Amino acid sequence: MRTATNHQPVLLSLDDDEEIGKIIDAVATKADFDVTVTQTAGDFYERLRVLDPDVIVLDLQVPEVDGIELLRRLAETGVESWIVIATGMDRRTIASAKEYALKSGLNVVGAIQKPFLPEDLSGFLRLVESRIRPLDTPDLEAAIEQGELVVHYQPVLRRSADAWDVDSVEALLRWEHPQRGMLLPGTFLGLGEDHGLGRAMTDFVIRAALERVRGWHVVGLDLGLRVNLSAGLITDIEFPDRLQVALMEFEVPGSALTLEINETAMLSEHPKTFDILTRLRLKEIGLAIDDFGIGYSSLTQLFKMPFSEMKIDKSLIEQIPESEETRISVEALIDLAHKLGLSVCAEGVEREQALDFLTAANCDSAQGYYVSPPILAKNVPDVVRGWSSNTGSRRVTRAAPG
Ligand code: G
Ligand code: MN
C-alpha cells in the first residue's frame, strides 16, 4: 500500500467520455493533483507504465474492454495506486465490481456512480491525500502563519428560572485547508501538542476569541466564553499570568471565561498542576471537566481538582431519547455534580426531547445541534437573537414534563 510521498500526487484517469474527463481534470487539479486524462484503454495502459500514479480514477465501461478484465489486469500487474471507480453502471454492479477489485488485492478507495457531483470525487481525493501524505508539523506551522486556522463558535444555553437562553459560546478551532477542506481539531491537534505547537495554538484561540467576545460585549451582547484546553498543556506555570494579561488587554473579566479541560485522565497530580488550576480559579475563571462520562475522565478528579463544572459527553446525551439506562446515568451524574458543588453542562443536545429531559433533571447548561452547530463569529448575534425571540418551545415551564 502506498504511503508518504513528497512529490505532487499523480492522478491518471480513464474515461471514454471527454466531458467527464474534463470534470475529473478540473476537480483533481484544484485538489493539487498532477492530472493525466485518457480515453482509451490502450492509452491508459501506456501512461500507467510511465506515470506510476498515486491515484487512478477508473470508468469500468469503456468501448472494447471489459471492466472486470481491466481490474484483473491492474491486479496482475501489481498496481499499488489508490483506485476510485467512477462509472455509470447500476449501484449493485458497481458494488460487486468494487468487491472483486478489493478481493484481487487492489487498493480501492471507493466507487461513485456517474453522473457524480464534483464534491463526491473531491471527497475521495482528500481521503487519498490524507493516506499518501499525512499532515505534518511544518504543514501546521505554515497554516498558523498563513491564517488558515479559524475559530468557530457554538452557542451554549443556560437555564434561568423560566427559560433557556444563550449565555456563552464555545470556541472551536478549525483548519481551513486549501486542498483538504475543513479539518477538525482531532486531525491536527496531536501534531501541535507533540511539537510544542500546542501552546501557540491555544494562545491563538484564546486571543482570537477574547477579541470577539469583547466586540460582542461592546454592542451589548453579554456572552461568556469557553475555550478547550488539553490536559497535557496544564504544565506551563506561566499560563495563568499570560491569560490574565490577555483578559486585561481585551477587557474581559475572568468570570466570563471557562476553560474546558479534556483528557483529564492525563492531568498529573504534580503540585504544579494544582498550582496552575487553583490560580486560574482565583482569577474567577471557570474550569470544566470536559467529555465527562467517557474514557478520558475520572470520578476522583471531580473533587480532587478545583473544577467548577462537569461537561457531560455528547455520546451520553445523544442517547437520552432512546435509552432508559442513559437517562438514569445522566440524572445521576447531574445529581452527583450538584452535590459536589459543580454546575453541569450537557453537550450533544440534538433534539427537543433531550432538552426537555435535561430541564426536568435540573441541568444548568446545554449545547448541541438542536440549538446551533458551531458557526462563524459573524453569525453569532443573529443566532442568539433568533433563539431568544423564538421562546415558545424553550420556556422551562412549558418544556418541563409533569
Ligand atoms: O467535547 P468537545 O469540546 O470536543 O466537543 C465539541 C465538538 O462536538 C465540536 O467539534 C462540535 O462540532 C461537536 N458537536 C457539537 N454539538 C454537537 C451535537 O449536538 N452532536 C454531535 N454529534 N456533535 C456535536
Ligand atoms: Mn469542549
# chains A, B, ... in the order shown; residues from 1 in each chain; ligands from 1

$ select_by_dssp --residues "stretch 195-396 of chain A" --states "strand (DSSP E or B)" --output "ChimeraX atom specification"
/A:224-230,257-262,286-292,294,309-312,343-347,365-367,375,395

$ write_last_selection --atoms "C-alpha atoms" --output "short mmCIF file (atom, residue, chain, number, x, y, z; two decimals), in the first residue's frame"
data_model
loop_
_atom_site.label_atom_id
_atom_site.label_comp_id
_atom_site.auth_asym_id
_atom_site.auth_seq_id
_atom_site.Cartn_x
_atom_site.Cartn_y
_atom_site.Cartn_z
CA GLY A 224 -19.34 34.19 28.22
CA LEU A 225 -16.56 32.29 26.51
CA ARG A 226 -15.48 28.67 26.70
CA VAL A 227 -12.10 27.55 25.44
CA ASN A 228 -10.80 23.99 25.18
CA LEU A 229 -7.53 23.09 26.74
CA SER A 230 -5.92 19.70 26.66
CA LEU A 257 -14.21 32.65 30.78
CA THR A 258 -14.44 28.90 31.29
CA LEU A 259 -11.59 26.59 30.34
CA GLU A 260 -12.84 23.17 29.27
CA ILE A 261 -10.15 20.66 30.07
CA ASN A 262 -10.28 17.39 28.17
CA GLY A 286 -14.35 28.62 35.39
CA LEU A 287 -12.84 25.16 34.98
CA ALA A 288 -14.90 22.46 33.31
CA ILE A 289 -14.01 18.80 33.19
CA ASP A 290 -14.81 18.15 29.52
CA ASP A 291 -16.22 15.00 27.89
CA PHE A 292 -17.18 13.57 31.26
CA ILE A 294 -16.21 8.60 28.53
CA GLU A 309 -18.36 22.46 36.03
CA MET A 310 -18.96 18.96 34.74
CA LYS A 311 -19.49 18.76 30.99
CA ILE A 312 -21.31 15.54 30.14
CA SER A 343 -22.67 23.07 37.74
CA VAL A 344 -23.48 20.80 34.80
CA CYS A 345 -23.41 21.36 31.06
CA ALA A 346 -24.79 18.76 28.65
CA GLU A 347 -23.22 18.67 25.20
CA SER A 365 -26.38 24.42 30.70
CA ALA A 366 -26.92 22.76 27.34
CA GLN A 367 -25.30 22.79 23.94
CA ILE A 375 -20.86 28.83 13.42
CA ARG A 395 -39.70 28.12 28.19
#

$ select_by_dssp --residues "stretch 77-310 of chain A" --states "alpha helix (DSSP H)" --output "MDAnalysis selection string"
chainID A and resid 91:103 118:132 137:145 189:194 198:218 239:249 271:282 299:304

$ residues_near_ligand --ligand "ligand 1" --cutoff "7 Å" --atoms "only C-alpha atoms and all ligand atoms" --output "ChimeraX atom specification"
/A:172,184,228,290-291,313-314,318,347-350,367-370,373-374

$ write_last_selection --atoms "all heavy atoms" --output "compact mmCIF listing (two decimals), in the first residue's frame"
# COMPACT_ATOMS: atom_id res chain seq x y z
N LEU A 172 -14.25 26.83 19.00
CA LEU A 172 -13.79 25.56 18.45
C LEU A 172 -12.87 25.83 17.26
O LEU A 172 -13.24 26.52 16.30
CB LEU A 172 -14.99 24.71 18.03
CG LEU A 172 -15.86 24.24 19.21
CD1 LEU A 172 -17.27 23.90 18.77
CD2 LEU A 172 -15.21 23.05 19.91
N LEU A 184 -11.13 19.14 11.32
CA LEU A 184 -11.49 19.25 12.73
C LEU A 184 -10.24 19.03 13.58
O LEU A 184 -9.29 18.38 13.15
CB LEU A 184 -12.56 18.21 13.08
CG LEU A 184 -13.88 18.36 12.31
CD1 LEU A 184 -14.87 17.28 12.73
CD2 LEU A 184 -14.48 19.73 12.53
N ASN A 228 -11.30 25.33 24.88
CA ASN A 228 -10.80 23.99 25.18
C ASN A 228 -9.31 23.98 25.43
O ASN A 228 -8.55 24.67 24.75
CB ASN A 228 -11.10 23.05 24.02
CG ASN A 228 -12.58 22.81 23.87
OD1 ASN A 228 -13.17 22.06 24.65
ND2 ASN A 228 -13.19 23.47 22.90
N ASP A 290 -14.11 18.33 30.80
CA ASP A 290 -14.81 18.15 29.52
C ASP A 290 -15.02 16.66 29.21
O ASP A 290 -14.31 15.81 29.75
CB ASP A 290 -13.97 18.79 28.39
CG ASP A 290 -14.81 19.22 27.20
OD1 ASP A 290 -16.02 18.96 27.18
OD2 ASP A 290 -14.23 19.83 26.27
N ASP A 291 -15.97 16.36 28.36
CA ASP A 291 -16.22 15.00 27.89
C ASP A 291 -16.38 14.02 29.05
O ASP A 291 -15.89 12.89 28.98
CB ASP A 291 -15.07 14.51 26.97
CG ASP A 291 -14.80 15.48 25.83
OD1 ASP A 291 -15.76 16.14 25.38
OD2 ASP A 291 -13.64 15.59 25.39
N ASP A 313 -20.41 14.23 28.32
CA ASP A 313 -20.05 13.96 26.93
C ASP A 313 -21.26 13.74 26.04
O ASP A 313 -22.26 13.15 26.44
CB ASP A 313 -19.14 12.73 26.86
CG ASP A 313 -18.53 12.60 25.47
OD1 ASP A 313 -17.71 13.46 25.12
OD2 ASP A 313 -18.92 11.68 24.72
N LYS A 314 -21.11 14.16 24.78
CA LYS A 314 -22.23 14.07 23.85
C LYS A 314 -22.67 12.64 23.56
O LYS A 314 -23.83 12.39 23.26
CB LYS A 314 -21.95 14.84 22.56
CG LYS A 314 -20.66 14.49 21.86
CD LYS A 314 -20.54 15.38 20.62
CE LYS A 314 -19.17 15.27 19.98
NZ LYS A 314 -18.09 15.87 20.80
N GLU A 318 -26.68 12.23 23.50
CA GLU A 318 -27.32 11.83 22.24
C GLU A 318 -28.31 10.68 22.44
O GLU A 318 -29.27 10.54 21.70
CB GLU A 318 -26.25 11.33 21.25
CG GLU A 318 -25.55 12.42 20.48
CD GLU A 318 -24.25 11.92 19.82
OE1 GLU A 318 -23.96 10.69 19.91
OE2 GLU A 318 -23.56 12.74 19.24
N GLU A 347 -23.53 18.37 26.61
CA GLU A 347 -23.22 18.67 25.20
C GLU A 347 -23.75 17.56 24.30
O GLU A 347 -23.86 16.41 24.71
CB GLU A 347 -21.72 18.89 25.00
CG GLU A 347 -20.86 17.68 25.22
CD GLU A 347 -19.40 17.93 24.85
OE1 GLU A 347 -18.94 19.07 24.86
OE2 GLU A 347 -18.72 16.93 24.55
N GLY A 348 -24.14 17.95 23.07
CA GLY A 348 -24.70 16.94 22.15
C GLY A 348 -26.22 16.90 22.21
O GLY A 348 -26.82 15.87 21.91
N VAL A 349 -26.85 18.02 22.59
CA VAL A 349 -28.31 18.08 22.60
C VAL A 349 -28.78 18.24 21.16
O VAL A 349 -28.59 19.30 20.55
CB VAL A 349 -28.82 19.25 23.47
CG1 VAL A 349 -30.34 19.36 23.40
CG2 VAL A 349 -28.34 19.09 24.89
N GLU A 350 -29.30 17.20 20.60
CA GLU A 350 -29.69 17.24 19.18
C GLU A 350 -31.19 17.34 18.99
O GLU A 350 -31.66 17.66 17.91
CB GLU A 350 -29.14 15.99 18.46
CG GLU A 350 -27.61 15.98 18.43
CD GLU A 350 -27.03 14.81 17.68
OE1 GLU A 350 -27.78 13.88 17.32
OE2 GLU A 350 -25.80 14.82 17.46
N GLN A 367 -25.94 22.39 25.19
CA GLN A 367 -25.30 22.79 23.94
C GLN A 367 -25.50 21.67 22.94
O GLN A 367 -25.48 20.50 23.31
CB GLN A 367 -23.81 22.96 24.26
CG GLN A 367 -22.86 23.07 23.11
CD GLN A 367 -21.41 23.12 23.61
OE1 GLN A 367 -21.13 22.89 24.80
NE2 GLN A 367 -20.49 23.39 22.71
N GLY A 368 -25.71 22.00 21.69
CA GLY A 368 -25.84 20.93 20.69
C GLY A 368 -26.52 21.43 19.44
O GLY A 368 -26.97 22.58 19.37
N TYR A 369 -26.59 20.55 18.44
CA TYR A 369 -27.15 20.94 17.15
C TYR A 369 -28.59 21.42 17.26
O TYR A 369 -29.06 22.16 16.41
CB TYR A 369 -27.05 19.78 16.16
CG TYR A 369 -25.62 19.37 15.82
CD1 TYR A 369 -25.35 18.11 15.29
CD2 TYR A 369 -24.57 20.24 16.04
CE1 TYR A 369 -24.05 17.73 14.98
CE2 TYR A 369 -23.26 19.87 15.73
CZ TYR A 369 -23.01 18.61 15.20
OH TYR A 369 -21.73 18.25 14.90
N TYR A 370 -29.31 20.99 18.29
CA TYR A 370 -30.69 21.45 18.45
C TYR A 370 -30.72 22.97 18.62
O TYR A 370 -31.62 23.64 18.15
CB TYR A 370 -31.35 20.77 19.65
CG TYR A 370 -32.75 21.27 19.91
CD1 TYR A 370 -33.76 21.13 18.95
CD2 TYR A 370 -33.07 21.94 21.10
CE1 TYR A 370 -35.03 21.62 19.17
CE2 TYR A 370 -34.35 22.42 21.32
CZ TYR A 370 -35.32 22.26 20.36
OH TYR A 370 -36.58 22.76 20.58
N PRO A 373 -25.22 24.45 15.45
CA PRO A 373 -23.89 23.86 15.29
C PRO A 373 -22.84 24.96 15.53
O PRO A 373 -23.23 26.12 15.71
CB PRO A 373 -23.88 23.43 13.82
CG PRO A 373 -24.82 24.37 13.16
CD PRO A 373 -25.88 24.71 14.19
N PRO A 374 -21.58 24.63 15.54
CA PRO A 374 -20.57 25.69 15.60
C PRO A 374 -20.71 26.58 14.35
O PRO A 374 -20.92 26.07 13.26
CB PRO A 374 -19.24 24.92 15.57
CG PRO A 374 -19.58 23.55 16.06
CD PRO A 374 -20.96 23.28 15.55

$ closest_residue --among "A:Gly232, A:Gly190, A:Pro253, A:Pro321" --to "A:Asp136" --atoms "only C-alpha atoms"
A:Gly190

$ atom_distance --atom1 "atom CA of A:Ser297" --atom2 "atom CA of A:Glu263"
6.1 Å

$ closest_residue --among "A:Pro155, A:Pro240, A:Pro53, A:Gly147" --to "ligand 2" --atoms "only C-alpha atoms and all ligand atoms"
A:Pro155

$ atom_distance --atom1 "atom CA of A:Leu149" --atom2 "atom CA of A:Leu197"
12.9 Å

$ atom_distance --atom1 "atom CA of A:Tyr296" --atom2 "atom CA of A:Ala265"
5.2 Å

$ closest_residue --among "A:Leu173, A:Val383, A:Leu376, A:Leu183" --to "ligand 2" --atoms "only C-alpha atoms and all ligand atoms"
A:Leu173

$ closest_residue --among "A:Pro63, A:Pro306, A:Gly254, A:Gly42" --to "A:Glu284" --atoms "only C-alpha atoms"
A:Gly254

$ residues_around --residues "A:Glu76" --least-positions-apart "4" --cutoff "9 Å" --atoms "only C-alpha atoms" --output "tab-separated table (two decimals) with N, CA, C and O atoms, in the first residue's frame"
chain	number	residue	atom	x	y	z
A	71	LEU	N	-9.77	-4.46	-14.34
A	71	LEU	CA	-9.36	-4.59	-12.94
A	71	LEU	C	-8.39	-5.76	-12.76
A	71	LEU	O	-7.40	-5.66	-12.04
A	72	ARG	N	-8.71	-6.89	-13.44
A	72	ARG	CA	-7.85	-8.06	-13.30
A	72	ARG	C	-6.44	-7.74	-13.77
A	72	ARG	O	-5.46	-8.07	-13.13
A	104	SER	N	-9.11	-8.85	-5.21
A	104	SER	CA	-7.93	-9.10	-6.04
A	104	SER	C	-6.70	-8.39	-5.49
A	104	SER	O	-5.64	-8.43	-6.10

$ residues_around --residues "A:Ile23" --least-positions-apart "2" --cutoff "12 Å" --atoms "only C-alpha atoms" --output "ChimeraX atom specification"
/A:13,15,17-21,25-30,35,37,57,86,114-122

$ closest_residue --among "A:Gly220, A:Gly192, A:Gly67, A:Pro185" --to "ligand 2" --atoms "only C-alpha atoms and all ligand atoms"
A:Pro185

$ decode --residues "stretch 153-169 of chain A" --atoms "all heavy atoms" --output "mmCIF file, in the first residue's frame"
data_model
loop_
_atom_site.group_PDB
_atom_site.id
_atom_site.type_symbol
_atom_site.label_atom_id
_atom_site.label_comp_id
_atom_site.auth_asym_id
_atom_site.auth_seq_id
_atom_site.Cartn_x
_atom_site.Cartn_y
_atom_site.Cartn_z
ATOM 1 N N TYR A 153 -17.744 29.241 16.634
ATOM 2 C CA TYR A 153 -18.351 29.404 17.953
ATOM 3 C C TYR A 153 -19.664 28.645 18.028
ATOM 4 O O TYR A 153 -20.493 28.758 17.129
ATOM 5 C CB TYR A 153 -18.593 30.898 18.224
ATOM 6 C CG TYR A 153 -17.302 31.686 18.231
ATOM 7 C CD1 TYR A 153 -16.765 32.199 17.040
ATOM 8 C CD2 TYR A 153 -16.583 31.876 19.406
ATOM 9 C CE1 TYR A 153 -15.557 32.883 17.024
ATOM 10 C CE2 TYR A 153 -15.379 32.563 19.406
ATOM 11 C CZ TYR A 153 -14.866 33.066 18.212
ATOM 12 O OH TYR A 153 -13.671 33.740 18.207
ATOM 13 N N GLN A 154 -19.810 27.858 19.090
ATOM 14 C CA GLN A 154 -21.087 27.159 19.266
ATOM 15 C C GLN A 154 -21.800 27.728 20.494
ATOM 16 O O GLN A 154 -21.263 27.698 21.606
ATOM 17 C CB GLN A 154 -20.870 25.655 19.443
ATOM 18 C CG GLN A 154 -22.209 24.909 19.456
ATOM 19 C CD GLN A 154 -22.052 23.399 19.513
ATOM 20 O OE1 GLN A 154 -21.111 22.878 20.100
ATOM 21 N NE2 GLN A 154 -22.994 22.689 18.898
ATOM 22 N N PRO A 155 -23.029 28.238 20.279
ATOM 23 C CA PRO A 155 -23.786 28.812 21.401
ATOM 24 C C PRO A 155 -24.089 27.767 22.479
ATOM 25 O O PRO A 155 -24.342 26.610 22.168
ATOM 26 C CB PRO A 155 -25.086 29.280 20.741
ATOM 27 C CG PRO A 155 -24.762 29.445 19.296
ATOM 28 C CD PRO A 155 -23.738 28.390 19.000
ATOM 29 N N VAL A 156 -24.051 28.193 23.726
ATOM 30 C CA VAL A 156 -24.382 27.318 24.857
ATOM 31 C C VAL A 156 -25.499 27.976 25.662
ATOM 32 O O VAL A 156 -25.439 29.176 25.953
ATOM 33 C CB VAL A 156 -23.148 27.095 25.764
ATOM 34 C CG1 VAL A 156 -23.492 26.217 26.963
ATOM 35 C CG2 VAL A 156 -22.001 26.493 24.965
ATOM 36 N N LEU A 157 -26.531 27.185 25.997
ATOM 37 C CA LEU A 157 -27.665 27.710 26.757
ATOM 38 C C LEU A 157 -27.411 27.614 28.249
ATOM 39 O O LEU A 157 -26.744 26.691 28.711
ATOM 40 C CB LEU A 157 -28.928 26.882 26.470
ATOM 41 C CG LEU A 157 -29.422 26.785 25.037
ATOM 42 C CD1 LEU A 157 -30.655 25.869 24.998
ATOM 43 C CD2 LEU A 157 -29.752 28.149 24.481
ATOM 44 N N ARG A 158 -28.002 28.554 28.979
ATOM 45 C CA ARG A 158 -28.001 28.440 30.439
ATOM 46 C C ARG A 158 -29.440 28.611 30.883
ATOM 47 O O ARG A 158 -30.186 29.414 30.330
ATOM 48 C CB ARG A 158 -27.106 29.506 31.063
ATOM 49 C CG ARG A 158 -27.116 29.450 32.576
ATOM 50 C CD ARG A 158 -25.715 29.624 33.168
ATOM 51 N NE ARG A 158 -25.738 29.299 34.584
ATOM 52 C CZ ARG A 158 -25.006 28.335 35.130
ATOM 53 N NH1 ARG A 158 -24.206 27.616 34.389
ATOM 54 N NH2 ARG A 158 -25.071 28.099 36.437
ATOM 55 N N ARG A 159 -29.817 27.843 31.883
ATOM 56 C CA ARG A 159 -31.205 27.891 32.322
ATOM 57 C C ARG A 159 -31.382 28.894 33.443
ATOM 58 O O ARG A 159 -30.635 28.901 34.417
ATOM 59 C CB ARG A 159 -31.632 26.512 32.819
ATOM 60 C CG ARG A 159 -33.130 26.360 32.798
ATOM 61 C CD ARG A 159 -33.510 25.097 33.468
ATOM 62 N NE ARG A 159 -32.774 25.018 34.731
ATOM 63 C CZ ARG A 159 -32.975 24.077 35.619
ATOM 64 N NH1 ARG A 159 -33.837 23.131 35.384
ATOM 65 N NH2 ARG A 159 -32.290 24.072 36.737
ATOM 66 N N SER A 160 -32.356 29.783 33.277
ATOM 67 C CA SER A 160 -32.715 30.683 34.378
ATOM 68 C C SER A 160 -34.017 30.138 34.959
ATOM 69 O O SER A 160 -34.432 29.035 34.613
ATOM 70 C CB SER A 160 -32.899 32.101 33.856
ATOM 71 O OG SER A 160 -33.960 32.100 32.923
ATOM 72 N N ALA A 161 -34.667 30.908 35.790
ATOM 73 C CA ALA A 161 -35.883 30.422 36.439
ATOM 74 C C ALA A 161 -36.896 29.916 35.422
ATOM 75 O O ALA A 161 -37.511 28.877 35.606
ATOM 76 C CB ALA A 161 -36.479 31.523 37.298
ATOM 77 N N ASP A 162 -37.036 30.634 34.298
ATOM 78 C CA ASP A 162 -38.125 30.218 33.417
ATOM 79 C C ASP A 162 -37.744 30.025 31.951
ATOM 80 O O ASP A 162 -38.619 29.795 31.123
ATOM 81 C CB ASP A 162 -39.283 31.218 33.519
ATOM 82 C CG ASP A 162 -38.858 32.597 33.034
ATOM 83 O OD1 ASP A 162 -37.637 32.811 32.811
ATOM 84 O OD2 ASP A 162 -39.720 33.461 32.869
ATOM 85 N N ALA A 163 -36.459 30.119 31.607
ATOM 86 C CA ALA A 163 -36.126 29.930 30.189
ATOM 87 C C ALA A 163 -34.686 29.486 29.995
ATOM 88 O O ALA A 163 -33.838 29.682 30.869
ATOM 89 C CB ALA A 163 -36.370 31.240 29.435
ATOM 90 N N TRP A 164 -34.457 28.874 28.846
ATOM 91 C CA TRP A 164 -33.079 28.575 28.426
ATOM 92 C C TRP A 164 -32.641 29.699 27.499
ATOM 93 O O TRP A 164 -33.296 29.942 26.477
ATOM 94 C CB TRP A 164 -33.038 27.278 27.618
ATOM 95 C CG TRP A 164 -33.205 25.990 28.378
ATOM 96 C CD1 TRP A 164 -34.339 25.237 28.445
ATOM 97 C CD2 TRP A 164 -32.199 25.264 29.097
ATOM 98 N NE1 TRP A 164 -34.114 24.092 29.180
ATOM 99 C CE2 TRP A 164 -32.797 24.084 29.588
ATOM 100 C CE3 TRP A 164 -30.854 25.507 29.385
ATOM 101 C CZ2 TRP A 164 -32.099 23.140 30.342
ATOM 102 C CZ3 TRP A 164 -30.163 24.563 30.141
ATOM 103 C CH2 TRP A 164 -30.786 23.395 30.615
ATOM 104 N N ASP A 165 -31.568 30.378 27.837
ATOM 105 C CA ASP A 165 -31.055 31.435 26.959
ATOM 106 C C ASP A 165 -29.596 31.203 26.637
ATOM 107 O O ASP A 165 -28.862 30.630 27.450
ATOM 108 C CB ASP A 165 -31.195 32.798 27.641
ATOM 109 C CG ASP A 165 -32.652 33.227 27.721
ATOM 110 O OD1 ASP A 165 -33.300 33.278 26.666
ATOM 111 O OD2 ASP A 165 -33.127 33.487 28.844
ATOM 112 N N VAL A 166 -29.165 31.681 25.465
ATOM 113 C CA VAL A 166 -27.745 31.562 25.123
ATOM 114 C C VAL A 166 -26.967 32.476 26.057
ATOM 115 O O VAL A 166 -27.245 33.668 26.106
ATOM 116 C CB VAL A 166 -27.485 31.980 23.663
ATOM 117 C CG1 VAL A 166 -25.994 31.898 23.357
ATOM 118 C CG2 VAL A 166 -28.286 31.116 22.701
ATOM 119 N N ASP A 167 -26.042 31.926 26.820
ATOM 120 C CA ASP A 167 -25.284 32.832 27.685
ATOM 121 C C ASP A 167 -23.772 32.742 27.484
ATOM 122 O O ASP A 167 -23.012 33.506 28.043
ATOM 123 C CB ASP A 167 -25.706 32.682 29.154
ATOM 124 C CG ASP A 167 -24.742 31.883 29.983
ATOM 125 O OD1 ASP A 167 -24.315 30.819 29.502
ATOM 126 O OD2 ASP A 167 -24.412 32.328 31.102
ATOM 127 N N SER A 168 -23.338 31.757 26.650
ATOM 128 C CA SER A 168 -21.912 31.703 26.338
ATOM 129 C C SER A 168 -21.718 31.023 24.984
ATOM 130 O O SER A 168 -22.679 30.502 24.399
ATOM 131 C CB SER A 168 -21.147 30.938 27.425
ATOM 132 O OG SER A 168 -21.595 29.599 27.500
ATOM 133 N N VAL A 169 -20.489 31.040 24.510
ATOM 134 C CA VAL A 169 -20.160 30.316 23.271
ATOM 135 C C VAL A 169 -18.895 29.509 23.518
ATOM 136 O O VAL A 169 -18.011 29.937 24.271
ATOM 137 C CB VAL A 169 -19.918 31.271 22.075
ATOM 138 C CG1 VAL A 169 -21.221 31.904 21.608
ATOM 139 C CG2 VAL A 169 -18.877 32.336 22.409
#
